[in-house]
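Structure data follow from upload04.cif (mmCIF, C-alpha atoms):
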```cif
data_final
loop_
_atom_site.label_atom_id
_atom_site.label_comp_id
_atom_site.auth_asym_id
_atom_site.auth_seq_id
_atom_site.Cartn_x
_atom_site.Cartn_y
_atom_site.Cartn_z
CA MET A 1 -32.30 100.81 116.64
CA HIS A 2 -32.58 97.52 114.77
CA ALA A 3 -36.16 96.51 113.95
CA SER A 4 -35.76 93.19 115.79
CA ALA A 5 -35.25 95.15 119.05
CA LEU A 6 -38.74 96.61 118.76
CA PHE A 7 -41.93 94.78 119.69
CA CYS A 8 -44.89 95.86 117.58
CA CYS A 9 -48.59 95.32 118.18
CA THR A 10 -49.55 91.84 116.97
CA SER A 11 -52.76 93.04 115.31
CA LYS A 12 -52.94 95.23 112.22
CA ASP A 13 -55.95 97.27 111.19
CA GLN A 14 -56.01 96.40 107.49
CA PRO A 15 -57.44 93.06 106.38
CA SER A 16 -55.94 90.28 104.33
CA LEU A 17 -57.89 89.17 101.25
CA LEU A 18 -58.80 85.61 100.33
CA ASP A 19 -60.54 84.23 97.23
CA ILE A 20 -62.15 80.80 97.28
CA SER A 21 -62.66 79.20 93.88
CA PHE A 22 -65.03 76.27 93.33
CA ALA A 23 -63.67 75.67 89.82
CA SER A 24 -62.24 72.25 90.66
CA ASP A 25 -65.44 71.12 92.38
CA PRO A 26 -68.38 73.31 91.25
CA LYS A 27 -71.05 71.40 93.19
CA ALA A 28 -69.15 71.16 96.48
CA GLY A 29 -70.27 72.86 99.64
CA LEU A 30 -68.00 75.32 101.39
CA GLY A 31 -67.44 73.10 104.39
CA ALA A 32 -68.01 75.81 106.98
CA GLN A 33 -70.78 77.09 109.20
CA LEU A 34 -71.73 80.71 108.61
CA ILE A 35 -72.75 83.33 111.15
CA ASN A 36 -75.59 85.65 110.19
CA CYS A 37 -74.21 89.16 110.78
CA ASP A 38 -77.44 90.84 109.69
CA LYS A 39 -79.68 90.10 112.66
CA SER A 40 -81.79 93.04 113.77
CA ASP A 41 -81.13 92.36 117.46
CA ASP A 42 -77.35 92.41 116.93
CA THR A 43 -76.98 95.53 114.81
CA ASP A 44 -74.77 97.49 117.21
CA ALA A 45 -72.36 94.57 117.68
CA ASN A 46 -71.91 94.16 113.90
CA MET A 47 -71.58 97.83 112.97
CA PHE A 48 -67.88 97.40 112.07
CA CYS A 49 -68.29 94.05 110.31
CA PRO A 50 -67.73 94.73 106.57
CA GLY A 51 -70.11 92.01 105.39
CA PHE A 52 -73.18 90.06 106.42
CA ALA A 53 -71.80 86.52 106.74
CA ALA A 54 -68.75 85.36 108.69
CA ILE A 55 -67.14 81.98 109.17
CA GLY A 56 -68.22 80.57 112.53
CA ARG A 57 -66.70 77.12 112.21
CA VAL A 58 -64.62 75.23 109.67
CA LEU A 59 -65.94 71.69 109.34
CA PRO A 60 -63.61 68.68 109.48
CA GLY A 61 -62.59 66.77 106.38
CA ASP A 62 -61.14 67.55 102.97
CA THR A 63 -63.39 70.52 102.24
CA VAL A 64 -63.15 73.53 99.95
CA ALA A 65 -62.80 75.76 103.01
CA ARG A 66 -59.88 73.80 104.43
CA ARG A 67 -58.12 73.55 101.09
CA ALA A 68 -58.45 77.31 100.64
CA GLY A 69 -57.16 78.09 104.13
CA VAL A 70 -60.41 79.57 105.46
CA LYS A 71 -60.34 80.52 109.15
CA ILE A 72 -62.90 81.38 111.80
CA GLY A 73 -63.87 85.03 111.59
CA ASP A 74 -63.29 85.44 107.84
CA VAL A 75 -66.03 87.64 106.34
CA ILE A 76 -67.62 87.08 102.91
CA VAL A 77 -67.71 90.41 101.06
CA ALA A 78 -68.38 89.39 97.44
CA VAL A 79 -69.72 86.62 95.23
CA ASN A 80 -67.99 86.42 91.84
CA GLY A 81 -66.95 90.04 92.29
CA GLN A 82 -70.42 91.31 93.21
CA GLY A 83 -70.19 93.04 96.56
CA PHE A 84 -72.27 92.24 99.62
CA ARG A 85 -70.79 94.87 101.87
CA ARG A 86 -72.13 96.81 104.85
CA PHE A 87 -69.86 99.75 103.98
CA ALA A 88 -67.23 100.57 101.38
CA PRO A 89 -63.67 99.40 102.07
CA ASP A 90 -61.38 101.95 103.71
CA TYR A 91 -58.15 100.41 102.39
CA ASP A 92 -56.21 100.46 99.15
CA GLU A 93 -56.61 97.03 97.59
CA ASP A 94 -53.09 97.23 96.12
CA GLU A 95 -51.59 97.63 99.60
CA VAL A 96 -53.20 94.72 101.45
CA VAL A 97 -52.02 91.12 101.63
CA LYS A 98 -53.51 88.71 99.08
CA LEU A 99 -53.46 85.34 100.83
CA ASN A 100 -53.98 83.34 97.63
CA ILE A 101 -50.84 84.86 96.12
CA ILE A 102 -48.79 84.07 99.23
CA GLU A 103 -50.03 80.46 99.35
CA LYS A 104 -49.42 79.98 95.63
CA LYS A 105 -45.89 81.38 95.95
CA ALA A 106 -45.26 79.04 98.88
CA ASP A 107 -46.45 76.09 96.81
CA ASN A 108 -44.08 77.07 94.00
CA ASP A 109 -41.19 77.49 96.43
CA ASP A 110 -41.84 74.01 97.80
CA ASP A 111 -41.70 72.48 94.31
CA ASP A 112 -38.49 70.44 94.16
CA GLY A 113 -38.75 69.75 90.46
CA ASP A 114 -35.95 70.92 88.18
CA ASP A 115 -38.19 71.52 85.18
CA ASP A 116 -38.70 75.26 84.67
CA ASP A 117 -41.11 74.74 81.78
CA ASP A 118 -42.85 78.00 80.91
CA ASP A 119 -46.04 76.02 80.30
CA ASP A 120 -46.64 76.15 84.06
CA ASP A 121 -47.21 79.90 83.78
CA ASP A 122 -49.69 79.36 80.97
CA ASP A 123 -51.60 76.93 83.16
CA ASP A 124 -51.81 79.55 85.88
CA GLU A 125 -53.38 81.98 83.46
CA ASP A 126 -56.19 79.52 82.79
CA ASP A 127 -56.72 78.69 86.45
CA PRO A 128 -59.65 80.69 87.87
CA ALA A 129 -58.24 80.26 91.36
CA ALA A 130 -54.99 81.93 90.29
CA LYS A 131 -56.68 85.04 88.95
CA ALA A 132 -57.64 87.98 91.12
CA VAL A 133 -61.34 88.68 90.78
CA GLU A 134 -62.32 92.28 90.14
CA LEU A 135 -64.52 93.49 92.98
CA ASP A 136 -67.21 96.11 92.54
CA HIS A 137 -67.31 96.84 96.32
CA ARG A 138 -71.08 97.18 96.16
CA VAL A 139 -72.71 98.25 99.41
CA VAL A 140 -76.12 96.73 100.17
CA PRO A 141 -78.58 97.78 102.86
CA SER A 142 -78.91 95.64 105.97
CA GLY A 143 -82.10 93.75 106.61
CA GLY A 144 -82.35 90.67 104.40
CA ALA A 145 -78.77 91.04 103.13
CA TYR A 146 -77.69 87.68 104.58
CA GLU A 147 -80.52 85.87 102.81
CA LYS A 148 -79.75 87.67 99.53
CA LEU A 149 -76.11 86.64 99.82
CA LEU A 150 -77.06 82.97 100.26
CA ALA A 151 -79.51 83.19 97.37
CA CYS A 152 -76.81 84.66 95.12
CA ILE A 153 -74.39 81.86 96.04
CA LYS A 154 -77.02 79.22 95.24
CA SER A 155 -77.86 80.90 91.94
CA VAL A 156 -74.21 81.02 90.81
CA LYS A 157 -73.65 77.39 91.79
CA ALA A 158 -76.79 76.32 89.93
CA ALA A 159 -75.65 78.11 86.77
CA GLY A 160 -72.26 76.43 86.93
CA ASP A 161 -70.45 78.77 84.55
CA PRO A 162 -68.60 80.78 85.63
CA PRO A 163 -67.83 78.73 88.74
CA LEU A 164 -68.52 80.16 92.18
CA LEU A 165 -65.80 82.41 93.61
CA LEU A 166 -66.16 83.86 97.09
CA SER A 167 -64.11 86.84 98.25
CA LEU A 168 -63.40 87.17 101.95
CA GLU A 169 -61.66 89.62 104.26
CA ARG A 170 -59.65 88.44 107.26
CA TYR A 171 -59.07 90.77 110.19
CA ASP A 172 -56.70 90.41 113.12
CA TRP A 173 -57.95 90.03 116.67
CA ASP A 174 -57.73 93.73 117.59
CA ALA A 175 -59.00 95.23 114.34
CA ARG A 176 -62.38 96.89 114.75
CA PRO A 177 -64.46 94.19 113.01
CA ASN A 178 -63.30 91.78 115.74
CA SER A 179 -62.54 94.01 118.72
CA TRP A 180 -65.66 96.19 118.68
CA ARG A 181 -67.94 93.57 120.25
CA ARG A 182 -65.53 93.21 123.20
CA PHE A 183 -65.53 96.94 123.87
CA LEU A 184 -69.31 97.06 123.52
CA ASP A 185 -69.71 94.21 126.03
CA ALA A 186 -67.30 95.93 128.42
CA ARG A 187 -69.57 98.98 128.41
CA ASP A 188 -72.79 96.97 128.74
CA GLY A 189 -73.95 97.63 125.19
CA LYS A 190 -73.75 101.42 125.44
CA VAL A 191 -72.44 102.50 122.04
CA PRO A 192 -71.19 106.03 122.95
CA ASP A 193 -69.29 104.71 125.98
CA ALA A 194 -67.86 101.80 124.00
CA MET A 195 -66.79 104.11 121.17
CA MET A 196 -64.97 106.37 123.60
CA MET A 197 -63.26 103.37 125.19
CA LEU A 198 -62.22 102.06 121.78
CA GLN A 199 -60.83 105.41 120.66
CA GLU A 200 -58.85 105.78 123.89
CA HIS A 201 -57.48 102.28 123.35
CA GLU A 202 -56.38 103.13 119.82
CA SER A 203 -54.64 106.24 121.12
CA TRP A 204 -52.92 104.11 123.77
CA LYS A 205 -51.70 101.71 121.07
CA ALA A 206 -50.27 104.55 119.02
CA LYS A 207 -48.31 105.79 122.05
CA THR A 208 -47.26 102.37 123.39
CA PHE A 209 -46.00 100.55 120.31
CA PRO A 210 -43.39 99.72 119.33
CA ILE A 211 -41.89 98.70 122.69
CA ASP A 212 -38.12 98.93 123.09
CA LEU A 213 -36.99 95.42 123.98
CA THR A 214 -33.47 96.56 124.90
CA SER A 215 -34.59 98.21 128.15
CA LEU A 216 -32.31 96.74 130.85
CA GLY A 217 -35.17 96.07 133.25
CA LEU A 218 -37.31 94.42 130.58
CA GLN A 219 -34.37 92.25 129.54
CA GLN A 220 -33.95 91.11 133.14
CA ILE A 221 -37.60 90.08 133.26
CA LEU A 222 -37.35 88.18 129.97
CA LYS A 223 -34.03 86.46 130.71
CA ASN A 224 -35.17 85.29 134.14
CA LYS A 225 -38.62 84.31 132.85
CA ILE A 226 -40.28 86.32 135.59
CA VAL A 227 -43.11 86.95 133.15
CA SER A 228 -43.56 84.29 130.48
CA GLU A 229 -46.04 82.28 128.43
CA ILE A 230 -47.32 78.87 129.46
CA ASN A 231 -48.84 76.96 126.57
CA VAL A 232 -49.99 73.46 127.41
CA GLU A 233 -50.87 71.77 124.11
CA SER A 234 -51.85 68.56 125.88
CA SER A 235 -54.40 70.47 127.97
CA VAL A 236 -57.21 68.35 129.34
CA VAL A 237 -59.57 70.98 127.94
CA GLU A 238 -59.36 71.33 124.16
CA ASN A 239 -58.40 74.79 122.85
CA TYR A 240 -58.00 76.17 126.36
CA PRO A 241 -56.42 79.66 126.46
CA ALA A 242 -52.69 79.94 127.03
CA THR A 243 -51.53 81.46 130.31
CA VAL A 244 -49.42 84.49 131.20
CA TYR A 245 -47.17 83.43 134.09
CA VAL A 246 -45.99 86.02 136.64
CA ASN A 247 -43.44 85.16 139.34
CA TYR A 248 -44.71 87.76 141.77
CA GLY A 249 -42.09 87.23 144.46
CA ALA A 250 -39.20 87.58 142.02
CA LEU A 251 -40.84 90.60 140.41
CA THR A 252 -41.22 92.36 143.74
CA ALA A 253 -37.63 91.59 144.74
CA MET A 254 -36.29 92.81 141.41
CA GLN A 255 -38.08 96.14 141.61
CA ALA A 256 -37.08 96.59 145.26
CA ALA A 257 -33.44 96.15 144.17
CA GLY A 258 -33.88 98.82 141.51
CA LYS A 259 -33.30 96.37 138.64
CA THR A 260 -36.59 97.07 136.88
CA THR A 261 -39.29 99.71 136.70
CA ALA A 262 -43.08 99.74 136.74
CA GLU A 263 -42.99 100.47 133.01
CA ASP A 264 -40.79 97.42 132.37
CA ILE A 265 -43.22 95.22 134.30
CA THR A 266 -46.24 96.55 132.43
CA ASN A 267 -44.49 96.23 129.06
CA ALA A 268 -43.56 92.61 129.76
CA PHE A 269 -47.18 91.84 130.53
CA VAL A 270 -48.38 93.63 127.39
CA ILE A 271 -45.86 91.75 125.22
CA PHE A 272 -46.96 88.30 126.35
CA THR A 273 -50.64 89.20 126.26
CA GLU A 274 -50.25 90.41 122.68
CA ARG A 275 -48.34 87.27 121.68
CA MET A 276 -51.00 84.97 123.05
CA LEU A 277 -54.05 86.84 121.80
CA ARG A 278 -52.54 86.74 118.31
CA LYS A 279 -52.63 82.92 118.48
CA ALA A 280 -56.32 82.72 119.36
CA LYS A 281 -58.22 80.47 116.96
CA ASP A 282 -61.25 82.75 117.11
CA PRO A 283 -60.17 86.39 116.62
CA ARG A 284 -63.64 87.56 117.62
CA SER A 285 -63.19 86.19 121.14
CA PRO A 286 -59.49 85.90 121.99
CA LYS A 287 -58.77 84.81 125.55
CA THR A 288 -55.85 84.42 127.94
CA CYS A 289 -55.44 83.17 131.48
CA GLN A 290 -53.14 84.66 134.10
CA PHE A 291 -51.26 82.70 136.74
CA ILE A 292 -49.82 84.79 139.57
CA ASP A 293 -47.23 82.65 141.34
CA LEU A 294 -47.15 83.67 145.01
CA THR A 295 -44.55 81.13 146.11
CA ASN A 296 -42.60 82.55 149.09
CA VAL A 297 -44.90 85.57 149.24
CA SER A 298 -46.71 86.25 152.50
CA VAL A 299 -48.36 89.05 154.42
CA THR A 300 -45.32 89.37 156.67
CA SER A 301 -42.93 89.45 153.70
CA GLY A 302 -44.72 92.55 152.50
CA PHE A 303 -47.40 91.45 150.01
CA ARG A 304 -48.39 94.49 148.00
CA VAL A 305 -50.65 94.86 144.99
CA GLU A 306 -48.89 97.78 143.30
CA HIS A 307 -47.68 95.62 140.41
CA LEU A 308 -51.09 94.04 139.88
CA LYS A 309 -52.77 97.44 140.02
CA LYS A 310 -50.46 98.85 137.35
CA ILE A 311 -51.06 95.83 135.14
CA TYR A 312 -54.81 96.04 135.71
CA ASN A 313 -54.87 99.74 134.79
CA VAL A 314 -53.41 98.81 131.39
CA PHE A 315 -55.19 95.51 130.87
CA GLU A 316 -58.75 96.49 131.77
CA PRO A 317 -59.21 99.42 129.32
CA ASN A 318 -57.11 97.97 126.49
CA TYR A 319 -57.82 94.24 126.51
CA PRO A 320 -61.47 94.07 127.62
CA GLU A 321 -63.25 90.73 127.69
CA THR A 322 -60.04 88.80 126.97
CA LEU A 323 -59.43 87.44 130.48
CA HIS A 324 -60.70 83.91 130.93
CA LYS A 325 -59.35 83.34 134.43
CA MET A 326 -56.75 84.82 136.78
CA VAL A 327 -55.37 82.40 139.36
CA MET A 328 -53.30 83.39 142.40
CA TYR A 329 -51.48 80.45 144.04
CA PRO A 330 -50.31 79.32 146.58
CA VAL A 331 -52.27 81.47 148.99
CA SER A 332 -52.66 80.90 152.72
CA THR A 333 -55.93 81.78 154.42
CA MET A 334 -54.44 84.99 155.83
CA LEU A 335 -52.84 86.02 152.53
CA GLY A 336 -56.05 85.18 150.67
CA THR A 337 -58.08 87.45 152.94
CA THR A 338 -55.54 90.25 152.53
CA ALA A 339 -55.40 89.83 148.76
CA ARG A 340 -59.17 89.95 148.35
CA THR A 341 -59.29 93.16 150.38
CA LEU A 342 -56.42 94.81 148.51
CA LEU A 343 -57.88 93.85 145.13
CA SER A 344 -61.05 95.83 145.76
CA PHE A 345 -60.01 98.25 142.99
CA VAL A 346 -60.90 95.58 140.40
CA ASN A 347 -64.40 95.88 138.95
CA GLU A 348 -66.96 93.28 139.99
CA LYS A 349 -67.20 91.66 136.56
CA THR A 350 -63.47 90.98 136.46
CA GLN A 351 -63.34 89.87 140.09
CA GLN A 352 -65.67 87.02 139.16
CA LYS A 353 -62.85 85.66 136.98
CA PHE A 354 -60.36 85.61 139.88
CA LEU A 355 -59.40 82.48 141.80
CA ILE A 356 -57.32 82.95 144.97
CA THR A 357 -56.50 79.48 146.22
CA ASN A 358 -54.13 77.15 147.99
CA SER A 359 -55.48 74.13 146.11
CA LEU A 360 -53.37 72.76 143.25
CA GLU A 361 -56.36 70.79 142.04
CA GLN A 362 -58.36 74.01 141.65
CA VAL A 363 -55.47 75.63 139.79
CA CYS A 364 -55.38 72.77 137.28
CA THR A 365 -59.15 72.77 136.84
CA GLU A 366 -59.36 76.51 136.16
CA LEU A 367 -56.33 76.67 133.84
CA GLY A 368 -57.09 73.45 131.97
CA TRP A 369 -53.95 71.66 133.16
CA ASP A 370 -53.63 67.95 133.83
CA LYS A 371 -52.90 67.51 137.54
CA ALA A 372 -51.47 64.05 136.91
CA GLU A 373 -48.87 65.63 134.61
CA VAL A 374 -48.11 68.30 137.21
CA ASP A 375 -47.48 65.55 139.75
CA GLU A 376 -45.35 63.60 137.27
CA CYS A 377 -43.22 66.71 136.67
CA GLY A 378 -42.54 66.94 140.41
CA GLY A 379 -44.70 69.94 141.15
CA ILE A 380 -46.01 73.19 139.77
CA GLN A 381 -42.60 74.84 139.30
CA GLN A 382 -41.27 71.94 137.24
CA PHE A 383 -44.50 71.87 135.22
CA ILE A 384 -44.14 75.59 134.51
CA GLN A 385 -40.53 75.15 133.37
CA LYS A 386 -41.57 72.33 131.05
CA HIS A 387 -44.25 74.37 129.31
CA GLU A 388 -42.71 77.84 129.21
CA SER A 389 -42.56 79.08 125.64
CA SER A 390 -39.20 80.33 124.48
CA SER A 391 -38.72 84.09 124.19
CA THR A 392 -35.11 83.93 123.00
CA MET A 393 -35.89 86.09 119.96
CA MET A 394 -36.58 88.96 122.37
CA ILE A 395 -33.43 88.51 124.45
CA PHE A 396 -30.31 90.45 123.55
CA ASN A 397 -26.76 89.98 124.82
CA ASP A 398 -25.30 92.56 127.17
#
```
Any chance you could put this one into structure tokens?
Amino acid sequence: MHASALFCCTSKDQPSLLDISFASDPKAGLGAQLINCDKSDDTDANMFCPGFAAIGRVLPGDTVARRAGVKIGDVIVAVNGQGFRRFAPDYDEDEVVKLNIIEKKADNDDDDGDDDDDDDDDDDEDDPAAKAVELDHRVVPSGGAYEKLLACIKSVKAAGDPPLLLSLERYDWDARPNSWRRFLDARDGKVPDAMMMLQEHESWKAKTFPIDLTSLGLQQILKNKIVSEINVESSVVENYPATVYVNYGALTAMQAAGKTTAEDITNAFVIFTERMLRKAKDPRSPKTCQFIDLTNVSVTSGFRVEHLKKIYNVFEPNYPETLHKMVMYPVSTMLGTTARTLLSFVNEKTQQKFLITNSLEQVCTELGWDKAEVDECGGIQQFIQKHESSSTMMIFND
């Protein structure tokens, strides 16, 4: 099977590496707010964080951080090669992505000049930012490590030569340094329970991915946009999570006709959830919303929760603490009462994130959509069609 017909997990376990050189501006600040990952009251939550300081926010403006491509969640692990690590790295440095090398190659590829002067290579050799710093991977004990890291940075900057060079590791949203806190929260801070949940999730990932996109039922779901991604960039709420859209009536009819299976439905949901969580600006707290479209669905037409239960049984143990809000709409009073009763299998914490409503205004408020735009589009269906993200790369001809 061709690789493009397989959908892989959007989060890898190994980090990418990033070096930040202050050679061009030795006295400049980083231009980012740091998170102290060495607090005594947060030890359990940080047990998989490789360092003691992470990027919490990248400040606006032309800063060193922005020029270097720093992102939220990046972890400082060394200062001029001297390690400030919680534990030794468990990866081969020669096998991980070096972000500086990729960015430098991209810059060279974008150069439209015709002059291939070899002097450019000589300049690179003298550029501290172009050289890979040799890391000693030193492990330091927790308790005061954050303060020692800051003191080391200040000392190097004060000396001026050599210029400050920070080494950072960047992890994807479902790698342990970022995902562990979510699993710990889902198990109310109980480390043994959270560890078991995490290990079961990792086993599930190994069995689930890659997903075969050529499944006939899955292709029907994708082609007909029965499950899709709604990404409203002009959201009235800045950085609001994107939404997984589910046409519940069409999904039910398709399965009743034997055109798709429960596995196809679950896989479609997993695919779009993975795609959206990958785009989260903060990998430590990725979120999605879910919009269950109940148009033309009623109690008398045979409303059942089998599909939602199957999705929940995958979502709850494998994507904990990633649901921002699930909205079911439109829902009559009778259907709403039935739905709330049938959804009793959902745990109380998740139920608090549910909205079962017949109010379009409530839908827009909870999903961060502009009701005026919905009205201008001619209604919710037209709004959905306008903002559905394309999934053509996953659709294959018969």
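In this comparison, which uses all atoms listed in the file, the residue of A:Lys287, A:His307, A:Lys325, A:Arg85 approaching Glu263 (chain A) most closely is A:His307.
Distance check against Phe209 (chain A) using all atoms listed in the file: of A:Asp41, A:Glu95, A:Asp74, A:Glu274, the minimum falls on A:Glu274.
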Point to revise | Selection result of the PyMOL selection byres ((chain A and resi 66) around 12) on this file, as a ChimeraX atom specification | key: /A:20,29-32,55,57-65,67-72
Check your understanding: Nearest to Leu149 (chain A) among A:Lys205, A:Val79, A:Leu184, A:Ala262, with distances taken over all atoms listed in the file: which residue is it?
Key -> A:Val79
Point to revise | Test item: residues at most 9 Å from Gly143 (chain A), all atoms listed in the file, excluding those fewer than 4 positions along its chain, as a ChimeraX atom specification | key: /A:38-40,147
Exercise for review: Find the spatial neighbours of region 218-233 of chain A, counting only C-alpha atoms, within a cut-off of 8 Å - ignore same-chain residues fewer than 6 positions away - and output them as a list in words.
Suggested key: Ala242, Thr243, Val244, Tyr245, Val246, Asn247, Tyr248, Ala250, Leu251, Lys259, Thr260, Asp264, Ile265, Asn267, Ala268, Phe269, Phe272, Met276, Trp369, Ile384, His387, Glu388, Ser389, Ser391, Met394, Ile395 and Phe396 of chain A
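All residues of protein, DNA or RNA that reach within 10 Å of Ser179 (chain A), judged by only C-alpha atoms and not counting those fewer than 4 positions away in the chain, are A:Ala45, A:Phe48, A:Tyr171, A:Asp172, A:Trp173, A:Asp174, A:Ala175, A:Phe183, A:Leu184, A:Leu198, A:Pro283, A:Arg284, A:Ser285, A:Pro286, A:Tyr319, A:Pro320, A:Glu321.
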Residues returned when the PyMOL selection byres ((chain A and resi 315) around 12) runs on this file, as a PDB file with C-alpha atoms, in the frame of the given file:
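And here's result_18.pdb as it stands now:
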```
ATOM      1  CA  HIS A 201     -57.480 102.280 123.350  1.00  0.00           C
ATOM      2  CA  TRP A 204     -52.920 104.110 123.770  1.00  0.00           C
ATOM      3  CA  THR A 266     -46.240  96.550 132.430  1.00  0.00           C
ATOM      4  CA  ASN A 267     -44.490  96.230 129.060  1.00  0.00           C
ATOM      5  CA  PHE A 269     -47.180  91.840 130.530  1.00  0.00           C
ATOM      6  CA  VAL A 270     -48.380  93.630 127.390  1.00  0.00           C
ATOM      7  CA  ILE A 271     -45.860  91.750 125.220  1.00  0.00           C
ATOM      8  CA  PHE A 272     -46.960  88.300 126.350  1.00  0.00           C
ATOM      9  CA  THR A 273     -50.640  89.200 126.260  1.00  0.00           C
ATOM     10  CA  GLU A 274     -50.250  90.410 122.680  1.00  0.00           C
ATOM     11  CA  THR A 288     -55.850  84.420 127.940  1.00  0.00           C
ATOM     12  CA  GLN A 290     -53.140  84.660 134.100  1.00  0.00           C
ATOM     13  CA  LEU A 308     -51.090  94.040 139.880  1.00  0.00           C
ATOM     14  CA  LYS A 309     -52.770  97.440 140.020  1.00  0.00           C
ATOM     15  CA  LYS A 310     -50.460  98.850 137.350  1.00  0.00           C
ATOM     16  CA  ILE A 311     -51.060  95.830 135.140  1.00  0.00           C
ATOM     17  CA  TYR A 312     -54.810  96.040 135.710  1.00  0.00           C
ATOM     18  CA  ASN A 313     -54.870  99.740 134.790  1.00  0.00           C
ATOM     19  CA  VAL A 314     -53.410  98.810 131.390  1.00  0.00           C
ATOM     20  CA  GLU A 316     -58.750  96.490 131.770  1.00  0.00           C
ATOM     21  CA  PRO A 317     -59.210  99.420 129.320  1.00  0.00           C
ATOM     22  CA  ASN A 318     -57.110  97.970 126.490  1.00  0.00           C
ATOM     23  CA  TYR A 319     -57.820  94.240 126.510  1.00  0.00           C
ATOM     24  CA  PRO A 320     -61.470  94.070 127.620  1.00  0.00           C
ATOM     25  CA  GLU A 321     -63.250  90.730 127.690  1.00  0.00           C
ATOM     26  CA  THR A 322     -60.040  88.800 126.970  1.00  0.00           C
ATOM     27  CA  LEU A 323     -59.430  87.440 130.480  1.00  0.00           C
ATOM     28  CA  VAL A 346     -60.900  95.580 140.400  1.00  0.00           C
ATOM     29  CA  THR A 350     -63.470  90.980 136.460  1.00  0.00           C
TER      30      THR A 350
END
```
Written as a PDB file with C-alpha atoms, keeping the file's coordinate frame, which residues does the PyMOL selection byres ((chain A and resi 50) around 12) give for the file shown?
```pdb
ATOM      1  CA  GLN A  14     -56.010  96.400 107.490  1.00  0.00           C
ATOM      2  CA  PRO A  15     -57.440  93.060 106.380  1.00  0.00           C
ATOM      3  CA  CYS A  37     -74.210  89.160 110.780  1.00  0.00           C
ATOM      4  CA  ASP A  38     -77.440  90.840 109.690  1.00  0.00           C
ATOM      5  CA  ASN A  46     -71.910  94.160 113.900  1.00  0.00           C
ATOM      6  CA  MET A  47     -71.580  97.830 112.970  1.00  0.00           C
ATOM      7  CA  PHE A  48     -67.880  97.400 112.070  1.00  0.00           C
ATOM      8  CA  CYS A  49     -68.290  94.050 110.310  1.00  0.00           C
ATOM      9  CA  GLY A  51     -70.110  92.010 105.390  1.00  0.00           C
ATOM     10  CA  PHE A  52     -73.180  90.060 106.420  1.00  0.00           C
ATOM     11  CA  ALA A  53     -71.800  86.520 106.740  1.00  0.00           C
ATOM     12  CA  ALA A  54     -68.750  85.360 108.690  1.00  0.00           C
ATOM     13  CA  GLY A  73     -63.870  85.030 111.590  1.00  0.00           C
ATOM     14  CA  ASP A  74     -63.290  85.440 107.840  1.00  0.00           C
ATOM     15  CA  VAL A  75     -66.030  87.640 106.340  1.00  0.00           C
ATOM     16  CA  ILE A  76     -67.620  87.080 102.910  1.00  0.00           C
ATOM     17  CA  VAL A  77     -67.710  90.410 101.060  1.00  0.00           C
ATOM     18  CA  ALA A  78     -68.380  89.390  97.440  1.00  0.00           C
ATOM     19  CA  GLY A  83     -70.190  93.040  96.560  1.00  0.00           C
ATOM     20  CA  PHE A  84     -72.270  92.240  99.620  1.00  0.00           C
ATOM     21  CA  ARG A  85     -70.790  94.870 101.870  1.00  0.00           C
ATOM     22  CA  ARG A  86     -72.130  96.810 104.850  1.00  0.00           C
ATOM     23  CA  PHE A  87     -69.860  99.750 103.980  1.00  0.00           C
ATOM     24  CA  ALA A  88     -67.230 100.570 101.380  1.00  0.00           C
ATOM     25  CA  PRO A  89     -63.670  99.400 102.070  1.00  0.00           C
ATOM     26  CA  ASP A  90     -61.380 101.950 103.710  1.00  0.00           C
ATOM     27  CA  TYR A  91     -58.150 100.410 102.390  1.00  0.00           C
ATOM     28  CA  HIS A 137     -67.310  96.840  96.320  1.00  0.00           C
ATOM     29  CA  ARG A 138     -71.080  97.180  96.160  1.00  0.00           C
ATOM     30  CA  VAL A 139     -72.710  98.250  99.410  1.00  0.00           C
ATOM     31  CA  VAL A 140     -76.120  96.730 100.170  1.00  0.00           C
ATOM     32  CA  PRO A 141     -78.580  97.780 102.860  1.00  0.00           C
ATOM     33  CA  SER A 142     -78.910  95.640 105.970  1.00  0.00           C
ATOM     34  CA  LEU A 168     -63.400  87.170 101.950  1.00  0.00           C
ATOM     35  CA  GLU A 169     -61.660  89.620 104.260  1.00  0.00           C
ATOM     36  CA  ARG A 170     -59.650  88.440 107.260  1.00  0.00           C
ATOM     37  CA  TYR A 171     -59.070  90.770 110.190  1.00  0.00           C
ATOM     38  CA  ALA A 175     -59.000  95.230 114.340  1.00  0.00           C
ATOM     39  CA  ARG A 176     -62.380  96.890 114.750  1.00  0.00           C
ATOM     40  CA  PRO A 177     -64.460  94.190 113.010  1.00  0.00           C
ATOM     41  CA  ASN A 178     -63.300  91.780 115.740  1.00  0.00           C
TER      42      ASN A 178
END
```
Review point. Pick from A:Lys27, A:Gly56, A:Glu93, A:Ile211: nearest to Gly160 (chain A), with all atoms listed in the file counted?
Key: A:Lys27
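When only C-alpha atoms are used to compute distances to Ser155 (chain A), the closest of the residues A:Ser11, A:Thr208, A:Ser21, A:Asn80 turns out to be A:Asn80.
Note that the spacing between CA of Thr43 (chain A) and CA of Arg181 (chain A) amounts to 10.7 Å.
CA of Leu166 (chain A) is found 22.0 Å from CA of Asp13 (chain A).
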Practice item. Give as a ChimeraX atom specification each residue that has an atom at most 12 Å from (-54.5, 88.4, 152.8) in the file, counting only C-alpha atoms. Key: /A:294,297-305,328,330-343,356-357
Check your understanding: CA of Cys8 (chain A) to CA of Leu213 (chain A): how many Å, to one decimal?
Key -> 10.2 Å
